[in-house]
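Structure data (mmCIF, C-alpha atoms) from query_28.cif:
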data_start
#
loop_
_atom_site.label_atom_id
_atom_site.label_comp_id
_atom_site.auth_asym_id
_atom_site.auth_seq_id
_atom_site.Cartn_x
_atom_site.Cartn_y
_atom_site.Cartn_z
CA MET S 4 0.00 0.00 0.00
CA SER S 5 1.57 3.26 -1.11
CA SER S 6 1.22 6.39 0.96
CA VAL S 7 3.10 8.67 -1.43
CA LEU S 8 1.20 10.93 -3.80
CA ARG S 9 2.30 10.47 -7.40
CA GLN S 10 0.79 11.88 -10.57
CA PRO S 11 -0.92 9.11 -12.57
CA ALA S 12 0.73 8.20 -15.85
CA SER S 13 -1.10 9.35 -18.97
CA ASP S 14 -2.07 5.77 -19.86
CA GLN S 15 -3.15 4.86 -16.32
CA ASP S 16 -6.74 3.85 -15.73
CA PRO S 17 -8.40 6.96 -14.18
CA LEU S 18 -10.52 4.69 -11.96
CA MET S 19 -7.39 3.27 -10.40
CA ALA S 20 -6.01 6.76 -9.80
CA ALA S 21 -9.25 7.78 -8.10
CA GLU S 22 -8.70 5.15 -5.39
CA TYR S 23 -6.07 7.38 -3.80
CA ARG S 24 -7.25 10.13 -1.46
CA PRO S 25 -4.88 13.11 -1.42
CA ILE S 26 -4.61 14.37 2.16
CA SER S 27 -1.70 16.78 1.71
CA SER S 28 0.69 17.92 -1.01
CA HIS S 29 3.00 15.01 -0.16
CA LEU S 30 0.68 12.25 1.00
CA ALA S 31 -2.16 10.20 -0.43
CA ILE S 32 -3.83 7.14 1.03
CA THR S 33 -5.99 4.30 -0.17
CA PRO S 34 -7.76 3.23 3.07
CA PRO S 35 -11.08 5.03 3.69
CA VAL S 36 -11.30 7.03 6.93
CA SER S 37 -14.39 7.14 9.16
CA VAL S 38 -14.85 9.84 11.79
CA VAL S 39 -17.08 8.97 14.76
CA ILE S 40 -18.68 11.84 16.68
CA PRO S 41 -20.81 11.00 19.74
CA ALA S 42 -23.20 13.89 20.41
CA MET S 43 -26.05 14.83 22.68
CA ASN S 44 -27.51 18.33 22.46
CA GLU S 45 -24.46 19.72 20.65
CA ALA S 46 -26.25 21.66 17.89
CA GLU S 47 -24.45 24.91 18.77
CA ASN S 48 -21.02 23.26 18.75
CA LEU S 49 -21.28 21.14 15.61
CA PRO S 50 -20.56 24.05 13.19
CA TYR S 51 -17.16 24.48 14.86
CA VAL S 52 -16.50 20.74 14.72
CA PHE S 53 -17.50 20.17 11.11
CA LYS S 54 -15.72 23.21 9.67
CA THR S 55 -12.33 21.70 10.59
CA LEU S 56 -13.02 18.20 9.25
CA PRO S 57 -10.99 17.51 6.07
CA GLY S 58 -12.99 16.95 2.90
CA TRP S 59 -11.09 13.78 2.00
CA ILE S 60 -12.52 11.65 4.80
CA HIS S 61 -14.72 8.76 3.71
CA GLU S 62 -17.61 9.24 6.13
CA VAL S 63 -18.81 11.01 9.24
CA VAL S 64 -20.76 8.85 11.70
CA LEU S 65 -22.75 10.95 14.17
CA VAL S 66 -24.08 8.96 17.13
CA ASP S 67 -27.02 10.89 18.55
CA GLY S 68 -27.70 10.30 22.23
CA ASN S 69 -31.40 11.19 22.10
CA SER S 70 -30.81 14.91 21.66
CA THR S 71 -33.65 17.30 22.42
CA ASP S 72 -32.20 20.13 20.32
CA ASP S 73 -31.44 20.31 16.57
CA THR S 74 -28.23 18.24 16.72
CA VAL S 75 -29.24 15.83 13.93
CA GLU S 76 -30.71 18.51 11.66
CA VAL S 77 -27.63 20.73 12.03
CA ALA S 78 -25.31 17.81 11.29
CA ARG S 79 -27.19 17.00 8.09
CA GLN S 80 -27.06 20.61 6.97
CA LEU S 81 -23.33 20.85 7.63
CA TRP S 82 -22.40 17.46 6.14
CA PRO S 83 -25.15 16.23 3.79
CA GLY S 84 -23.75 12.73 3.62
CA VAL S 85 -23.46 12.28 7.38
CA LYS S 86 -24.47 8.86 8.70
CA VAL S 87 -26.71 9.39 11.73
CA VAL S 88 -26.98 6.50 14.20
CA GLU S 89 -29.45 6.66 17.08
CA GLN S 90 -27.96 5.54 20.39
CA SER S 91 -30.14 3.01 22.18
CA GLY S 92 -28.11 2.91 25.41
CA LYS S 93 -26.53 5.63 27.54
CA GLY S 94 -23.02 6.93 28.08
CA LYS S 95 -20.06 7.97 25.95
CA GLY S 96 -18.67 4.45 25.85
CA ASP S 97 -21.93 3.05 24.57
CA ALA S 98 -22.10 5.82 21.95
CA LEU S 99 -18.58 5.14 20.69
CA ILE S 100 -19.11 1.38 20.49
CA THR S 101 -22.33 2.04 18.55
CA GLY S 102 -20.46 4.35 16.19
CA PHE S 103 -17.60 1.91 15.66
CA GLU S 104 -20.07 -0.78 14.63
CA ALA S 105 -21.57 1.56 12.03
CA CYS S 106 -18.24 2.51 10.42
CA THR S 107 -17.30 1.20 6.99
CA GLY S 108 -13.83 2.76 6.78
CA ASP S 109 -10.57 0.93 7.43
CA ILE S 110 -9.39 3.75 9.72
CA ILE S 111 -11.56 5.10 12.55
CA VAL S 112 -11.03 8.50 14.18
CA MET S 113 -12.73 9.48 17.46
CA VAL S 114 -13.68 13.17 17.73
CA ASP S 115 -15.66 14.91 20.49
CA ALA S 116 -18.65 17.07 19.56
CA ASP S 117 -17.99 19.96 21.94
CA GLY S 118 -15.59 21.88 19.68
CA SER S 119 -12.52 21.09 21.80
CA ALA S 120 -10.76 19.10 19.07
CA ASP S 121 -9.22 20.48 15.89
CA GLY S 122 -10.14 18.35 12.87
CA HIS S 123 -7.09 19.63 11.02
CA GLU S 124 -5.03 17.32 13.24
CA ILE S 125 -6.62 14.23 11.70
CA VAL S 126 -3.96 14.24 8.99
CA SER S 127 -1.30 13.60 11.66
CA TYR S 128 -3.23 10.66 13.08
CA VAL S 129 -3.82 9.09 9.67
CA SER S 130 -0.20 9.66 8.64
CA ALA S 131 0.97 7.74 11.73
CA LEU S 132 -1.32 4.82 10.91
CA VAL S 133 -0.37 4.48 7.26
CA SER S 134 3.28 4.71 8.34
CA GLY S 135 2.97 1.59 10.48
CA ALA S 136 1.21 2.35 13.76
CA ASP S 137 -1.85 0.36 14.83
CA PHE S 138 -3.15 3.02 17.21
CA ALA S 139 -2.55 6.79 17.01
CA LYS S 140 -3.13 8.22 20.47
CA GLY S 141 -3.72 11.91 20.99
CA SER S 142 -1.70 13.49 23.79
CA ARG S 143 -2.07 16.95 25.28
CA PHE S 144 1.22 16.53 27.13
CA ALA S 145 3.47 15.30 24.33
CA ASN S 146 5.84 17.88 22.91
CA GLY S 147 3.69 20.18 20.75
CA GLY S 148 0.40 19.41 22.49
CA GLY S 149 -1.52 21.44 25.05
CA THR S 150 -4.85 22.13 26.69
CA ASP S 151 -7.07 25.05 27.66
CA ASP S 152 -9.56 22.84 29.44
CA MET S 153 -7.89 21.19 32.43
CA THR S 154 -7.73 22.45 35.98
CA PHE S 155 -4.70 21.70 38.14
CA ILE S 156 -6.65 18.97 39.95
CA ARG S 157 -7.62 17.28 36.68
CA LYS S 158 -4.04 17.47 35.40
CA LEU S 159 -2.81 15.92 38.64
CA GLY S 160 -5.40 13.15 38.45
CA ASN S 161 -4.61 12.43 34.80
CA TRP S 162 -0.89 12.25 35.61
CA ALA S 163 -1.48 9.88 38.53
CA LEU S 164 -3.73 7.56 36.52
CA CYS S 165 -1.33 7.65 33.58
CA THR S 166 1.57 6.73 35.88
CA ILE S 167 -0.37 3.74 37.24
CA VAL S 168 -1.12 2.47 33.72
CA ASN S 169 2.49 2.91 32.61
CA ARG S 170 3.84 0.98 35.60
CA LYS S 171 1.21 -1.74 35.64
CA PHE S 172 1.07 -2.45 31.92
CA GLY S 173 4.47 -1.32 30.66
CA ALA S 174 3.04 1.55 28.62
CA ARG S 175 4.80 4.82 27.85
CA TYR S 176 1.86 7.17 27.68
CA THR S 177 2.13 10.89 28.42
CA ASP S 178 -1.67 11.32 28.51
CA LEU S 179 -4.42 8.89 29.46
CA CYS S 180 -7.90 10.43 29.67
CA TYR S 181 -8.19 11.99 26.22
CA GLY S 182 -10.75 11.09 23.59
CA TYR S 183 -9.02 12.16 20.36
CA ASN S 184 -7.60 8.92 18.94
CA ALA S 185 -7.46 6.93 15.69
CA PHE S 186 -6.88 3.29 14.84
CA TRP S 187 -7.23 0.62 12.20
CA ARG S 188 -10.67 -0.96 12.37
CA HIS S 189 -9.25 -4.47 12.74
CA CYS S 190 -7.88 -3.44 16.16
CA LEU S 191 -11.42 -3.66 17.54
CA ASP S 192 -11.19 -7.44 17.29
CA LYS S 193 -8.29 -7.40 19.74
CA ILE S 194 -9.50 -5.00 22.44
CA ASP S 195 -13.11 -6.15 23.02
CA LEU S 196 -14.72 -2.97 24.38
CA ASP S 197 -17.35 -3.48 27.06
CA CYS S 198 -17.95 -0.32 29.11
CA THR S 199 -20.42 2.52 28.68
CA GLY S 200 -19.05 5.64 30.38
CA PHE S 201 -16.22 8.16 30.01
CA GLU S 202 -13.79 5.45 31.12
CA ILE S 203 -14.02 3.96 27.61
CA GLU S 204 -10.99 6.03 26.60
CA THR S 205 -8.85 4.56 29.38
CA LEU S 206 -10.09 1.04 28.64
CA ILE S 207 -9.08 1.43 24.99
CA ASN S 208 -5.62 2.67 25.96
CA VAL S 209 -5.06 -0.19 28.41
CA ARG S 210 -6.27 -2.95 26.11
CA VAL S 211 -4.29 -1.61 23.16
CA VAL S 212 -1.12 -2.06 25.23
CA LYS S 213 -2.21 -5.48 26.50
CA ALA S 214 -2.84 -6.60 22.90
CA GLY S 215 0.70 -5.64 21.94
CA LEU S 216 -0.45 -3.15 19.31
CA LYS S 217 1.97 -0.52 18.04
CA VAL S 218 1.09 2.88 19.53
CA GLN S 219 2.25 6.29 18.36
CA GLU S 220 1.34 9.36 20.36
CA ILE S 221 0.19 12.42 18.41
CA PRO S 222 0.63 15.89 19.95
CA SER S 223 -2.83 17.43 20.16
CA TYR S 224 -4.24 20.72 21.42
CA GLU S 225 -7.47 20.67 23.41
CA TYR S 226 -9.58 23.82 23.33
CA LEU S 227 -12.33 24.91 25.69
CA ARG S 228 -15.85 23.61 25.09
CA ILE S 229 -17.53 26.35 23.08
CA HIS S 230 -21.15 26.09 24.24
CA GLY S 231 -22.86 24.23 27.06
CA THR S 232 -21.40 22.40 30.02
CA SER S 233 -19.55 19.11 30.20
CA ASN S 234 -21.01 16.03 31.88
CA LEU S 235 -17.54 15.14 33.12
CA ARG S 236 -17.13 15.07 36.91
CA ALA S 237 -13.48 14.88 37.93
CA VAL S 238 -13.77 12.87 41.16
CA ARG S 239 -16.63 10.58 40.12
CA ASP S 240 -15.21 9.79 36.69
CA GLY S 241 -11.66 9.59 38.02
CA LEU S 242 -12.74 6.84 40.41
CA ARG S 243 -14.47 5.00 37.56
CA VAL S 244 -11.27 5.21 35.51
CA LEU S 245 -9.24 3.89 38.45
CA ARG S 246 -11.61 0.93 38.85
CA VAL S 247 -11.17 0.10 35.16
CA ILE S 248 -7.38 0.20 35.50
CA LEU S 249 -7.32 -1.95 38.62
CA GLY S 250 -9.78 -4.39 37.08
CA GLU S 251 -7.52 -5.11 34.11
CA ARG S 252 -4.92 -7.82 34.65
CA SER S 253 -1.36 -6.91 33.79
CA ASN S 254 0.38 -9.06 31.19
CA ARG S 255 3.79 -7.42 31.18
CA ARG S 256 5.60 -10.79 31.10
CA ALA S 257 3.74 -11.77 27.95
CA LEU S 258 4.55 -8.40 26.39
CA ARG S 259 8.24 -8.80 27.20
CA ARG S 260 8.31 -12.23 25.60
CA ARG S 261 6.56 -10.82 22.53
CA VAL S 262 9.14 -8.03 22.24
CA ARG S 263 12.10 -10.42 22.67
CA HIS S 264 10.88 -12.81 19.99
CA SER S 265 9.46 -10.24 17.57
CA PRO S 266 10.99 -10.64 14.07
CA MET S 267 10.84 -6.86 13.68
CA LEU S 268 13.49 -6.44 16.40
CA GLY S 269 17.05 -7.65 16.70
CA THR S 270 17.82 -10.35 19.27
CA GLY S 271 18.44 -9.09 22.75
CA GLN S 272 16.22 -5.99 22.48
CA GLY S 273 13.63 -5.43 25.16
CA GLU S 274 15.64 -7.29 27.83
CA SER S 275 16.05 -4.33 30.14
CA SER S 276 12.44 -3.22 30.44
#

Output the structure of this file as structure tokens.
Amino acid sequence: MSSVLRQPASDQDPLMAAEYRPISSHLAITPPVSVVIPAMNEAENLPYVFKTLPGWIHEVVLVDGNSTDDTVEVARQLWPGVKVVEQSGKGKGDALITGFEACTGDIIVMVDADGSADGHEIVSYVSALVSGADFAKGSRFANGGGTDDMTFIRKLGNWALCTIVNRKFGARYTDLCYGYNAFWRHCLDKIDLDCTGFEIETLINVRVVKAGLKVQEIPSYEYLRIHGTSNLRAVRDGLRVLRVILGERSNRRALRRRVRHSPMLGTGQGESS
């Protein structure tokens, strides 16, 4: 699979050339990209979300959590081809799982509906995936990232939870509780998602590491929610995240064996971890 944009030869079948999606002046991809947006009463924020989404994406899947405002109507006006999926359950985790099931693209990108994420960054996530990563994880604390939307207490809690995950599962994350991520669709078969709340993001991050998938962090900037108030509650949701972490069994020995015997690495690597 080529990820380099080349001009088609004059005798090349134009249908074959059309299979490539130019995403920058130097990069084109063949895999279709689906963007999943869980939303409930976000009609005022969707214009800010959709205006940054790149036109080359394959589909937008909006999961509507029984909105009482014009969320669905606004989404259809902004993106006429949007795929709207009605959420039958409750919670962000349930909404994301519902959206993942509705995706038809080979690459799935998770984007919040509150206007805090910049869709222009999607190119960085997709570039990491087509370059060899299985999971592109957004990080507000990687070099080049940042946030306008975290209090000192939330930053401290995120750091503490991230440290626990890194030590327990052998990860090297700089951020844990962040919902801007992308991955190959086939990864869903290896992480078996089964929670309904905000802790879905942490569960994904933990099970990606446990599955031995290749992770690349992507510096990301988180902006303030534009309209409305968040349903996130730092202490309540922090405790839920902690329970998810403690409920997952560590398999660091298995990961070490996998690293030692991986054909992609030279013999002897991974011995000191």

Task: Selection: 9 Å around Ser127 in chain S, all atoms listed in the file, excl. self and same-chain fewer than 4 positions, as a list of chain:residue names - done: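 My reading of the contact set: S:His123, S:Ala131, S:Leu132, S:Ala139, S:Ile221, S:Pro222.
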
- [ ] Quick one: everything within 9 Å of range 80-85 of chain S, counting all atoms listed in the file, minus sequence neighbours fewer than 4 positions away in the same chain. Send it as a VMD selection string.
- [x] chain S and resid 49 to 50 53 to 54 62 to 65 75 to 76

Compile the contact shell of range 177-187 of chain S as a PDB file with C-alpha atoms, in the coordinates of the input: residues with an atom at most 7 Å away, counting all atoms listed in the file, same-chain residues fewer than 6 positions apart removed.
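File produced: result.pdb:
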ATOM      1  CA  ASP S 109     -10.570   0.930   7.430  1.00  0.00           C
ATOM      2  CA  ILE S 110      -9.390   3.750   9.720  1.00  0.00           C
ATOM      3  CA  ILE S 111     -11.560   5.100  12.550  1.00  0.00           C
ATOM      4  CA  VAL S 112     -11.030   8.500  14.180  1.00  0.00           C
ATOM      5  CA  MET S 113     -12.730   9.480  17.460  1.00  0.00           C
ATOM      6  CA  VAL S 114     -13.680  13.170  17.730  1.00  0.00           C
ATOM      7  CA  ASP S 115     -15.660  14.910  20.490  1.00  0.00           C
ATOM      8  CA  TYR S 128      -3.230  10.660  13.080  1.00  0.00           C
ATOM      9  CA  LEU S 132      -1.320   4.820  10.910  1.00  0.00           C
ATOM     10  CA  ASP S 137      -1.850   0.360  14.830  1.00  0.00           C
ATOM     11  CA  PHE S 138      -3.150   3.020  17.210  1.00  0.00           C
ATOM     12  CA  ALA S 139      -2.550   6.790  17.010  1.00  0.00           C
ATOM     13  CA  LYS S 140      -3.130   8.220  20.470  1.00  0.00           C
ATOM     14  CA  GLY S 141      -3.720  11.910  20.990  1.00  0.00           C
ATOM     15  CA  SER S 142      -1.700  13.490  23.790  1.00  0.00           C
ATOM     16  CA  ARG S 143      -2.070  16.950  25.280  1.00  0.00           C
ATOM     17  CA  PHE S 144       1.220  16.530  27.130  1.00  0.00           C
ATOM     18  CA  ALA S 145       3.470  15.300  24.330  1.00  0.00           C
ATOM     19  CA  ASN S 161      -4.610  12.430  34.800  1.00  0.00           C
ATOM     20  CA  CYS S 165      -1.330   7.650  33.580  1.00  0.00           C
ATOM     21  CA  GLU S 204     -10.990   6.030  26.600  1.00  0.00           C
ATOM     22  CA  THR S 205      -8.850   4.560  29.380  1.00  0.00           C
TER      23      THR S 205
END

Open item on the list: Between CA of Gly96 in chain S and CA of Gly160 in chain S, what is the distance in Å, rounded to a tenth?
Closed with: 20.3 Å

Task: Residue members of the PyMOL selection byres ((chain S and resi 122) around 8) in the file shown, as a PyMOL selection string - done: chain S and resi 52-53+55-57+114+120-121+123-125

- [ ] Rounded to one decimal place, report the CA of Val36 in chain S-CA of Gly108 in chain S distance in Å.
- [x]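 Between these atoms lies a distance of 5.0 Å.
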
TODO: Just the residues within 12 Å of Asn69 in chain S, please, counting all atoms listed in the file, with nothing from its chain fewer than 5 positions along; format it as a list of chain:residue names.
DONE: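 So the residues in contact are S:Pro41, S:Ala42, S:Met43, S:Asn44, S:Glu45, S:Thr74, S:Val75, S:Val87, S:Val88, S:Glu89, S:Gln90, S:Ser91, S:Gly92, S:Lys93, S:Gly94, S:Ala98.
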
TODO: Enter the distance from CA of Thr166 in chain S to CA of Val244 in chain S, in Å, rounded to one decimal.
DONE: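 These two atoms are separated by 12.9 Å.
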
- [ ] Identify, on the basis of only C-alpha atoms, every residue whose closest approach to range 208-215 of chain S does not exceed 8 Å; exclude the query and any residue fewer than 2 positions from it along the same chain; express the result as a ChimeraX atom specification.
- [x] /S:138,168,172-174,179,193-194,204-206,217-218,248,251,253-255,258,261

Starting from the shown file, work through the PyMOL selection byres ((chain S and resi 228) around 12) and note down what comes out as a PDB file with C-alpha atoms, in the coordinates of the input.
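Output below, filename out_16.pdb:
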ATOM      1  CA  GLU S  45     -24.460  19.720  20.650  1.00  0.00           C
ATOM      2  CA  GLU S  47     -24.450  24.910  18.770  1.00  0.00           C
ATOM      3  CA  ASN S  48     -21.020  23.260  18.750  1.00  0.00           C
ATOM      4  CA  LEU S  49     -21.280  21.140  15.610  1.00  0.00           C
ATOM      5  CA  TYR S  51     -17.160  24.480  14.860  1.00  0.00           C
ATOM      6  CA  VAL S  52     -16.500  20.740  14.720  1.00  0.00           C
ATOM      7  CA  ASP S 115     -15.660  14.910  20.490  1.00  0.00           C
ATOM      8  CA  ALA S 116     -18.650  17.070  19.560  1.00  0.00           C
ATOM      9  CA  ASP S 117     -17.990  19.960  21.940  1.00  0.00           C
ATOM     10  CA  GLY S 118     -15.590  21.880  19.680  1.00  0.00           C
ATOM     11  CA  SER S 119     -12.520  21.090  21.800  1.00  0.00           C
ATOM     12  CA  ALA S 120     -10.760  19.100  19.070  1.00  0.00           C
ATOM     13  CA  ASP S 121      -9.220  20.480  15.890  1.00  0.00           C
ATOM     14  CA  THR S 150      -4.850  22.130  26.690  1.00  0.00           C
ATOM     15  CA  ASP S 151      -7.070  25.050  27.660  1.00  0.00           C
ATOM     16  CA  ASP S 152      -9.560  22.840  29.440  1.00  0.00           C
ATOM     17  CA  MET S 153      -7.890  21.190  32.430  1.00  0.00           C
ATOM     18  CA  GLU S 225      -7.470  20.670  23.410  1.00  0.00           C
ATOM     19  CA  TYR S 226      -9.580  23.820  23.330  1.00  0.00           C
ATOM     20  CA  LEU S 227     -12.330  24.910  25.690  1.00  0.00           C
ATOM     21  CA  ILE S 229     -17.530  26.350  23.080  1.00  0.00           C
ATOM     22  CA  HIS S 230     -21.150  26.090  24.240  1.00  0.00           C
ATOM     23  CA  GLY S 231     -22.860  24.230  27.060  1.00  0.00           C
ATOM     24  CA  THR S 232     -21.400  22.400  30.020  1.00  0.00           C
ATOM     25  CA  SER S 233     -19.550  19.110  30.200  1.00  0.00           C
ATOM     26  CA  ASN S 234     -21.010  16.030  31.880  1.00  0.00           C
ATOM     27  CA  LEU S 235     -17.540  15.140  33.120  1.00  0.00           C
TER      28      LEU S 235
END

TODO: Kindly indicate which residue among S:Ala136, S:Glu22, S:Thr71, S:Pro35 lies nearest to Thr107 in chain S, using only C-alpha atoms for the distances.
DONE: S:Pro35

Task: Counting only C-alpha atoms, the residue of S:Val129, S:Glu202, S:Leu249, S:Asp97 that sits nearest Arg170 in chain S - done: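 Checking each candidate against Arg170 in chain S, we get S:Leu249 as the closest.
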
Open item on the list: Between S:Ser134, S:Leu242, S:Leu164, S:Val126, which residue has the minimum interatomic distance to Phe201 in chain S, considering only C-alpha atoms?
Closed with: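 Comparing S:Ser134, S:Leu242, S:Leu164, S:Val126 against Phe201 in chain S, the winner is S:Leu242.
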
Open item on the list: Let me make sure I understand: among S:Arg79, S:His61, S:Arg24, S:Lys95, which one has the smallest atom-to-atom distance to Asp197 in chain S if we use only C-alpha atoms?
Closed with: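 Going through S:Arg79, S:His61, S:Arg24, S:Lys95 one by one, the smallest distance to Asp197 in chain S is for S:Lys95.
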
Could you give me the centre and size, in Å to one decimal, of an axis-aligned box around all listed atoms of range 213-218 of chain S with 5 Å added on every side, as JSON?
{"center_x": -0.4, "center_y": -1.9, "center_z": 22.3, "size_x": 14.8, "size_y": 19.5, "size_z": 18.5}

Task: Among listed residues S:Arg252, S:Ile100, S:Val247, S:Asn146, nearest Asp195 in chain S (using only C-alpha atoms) - done: S:Ile100
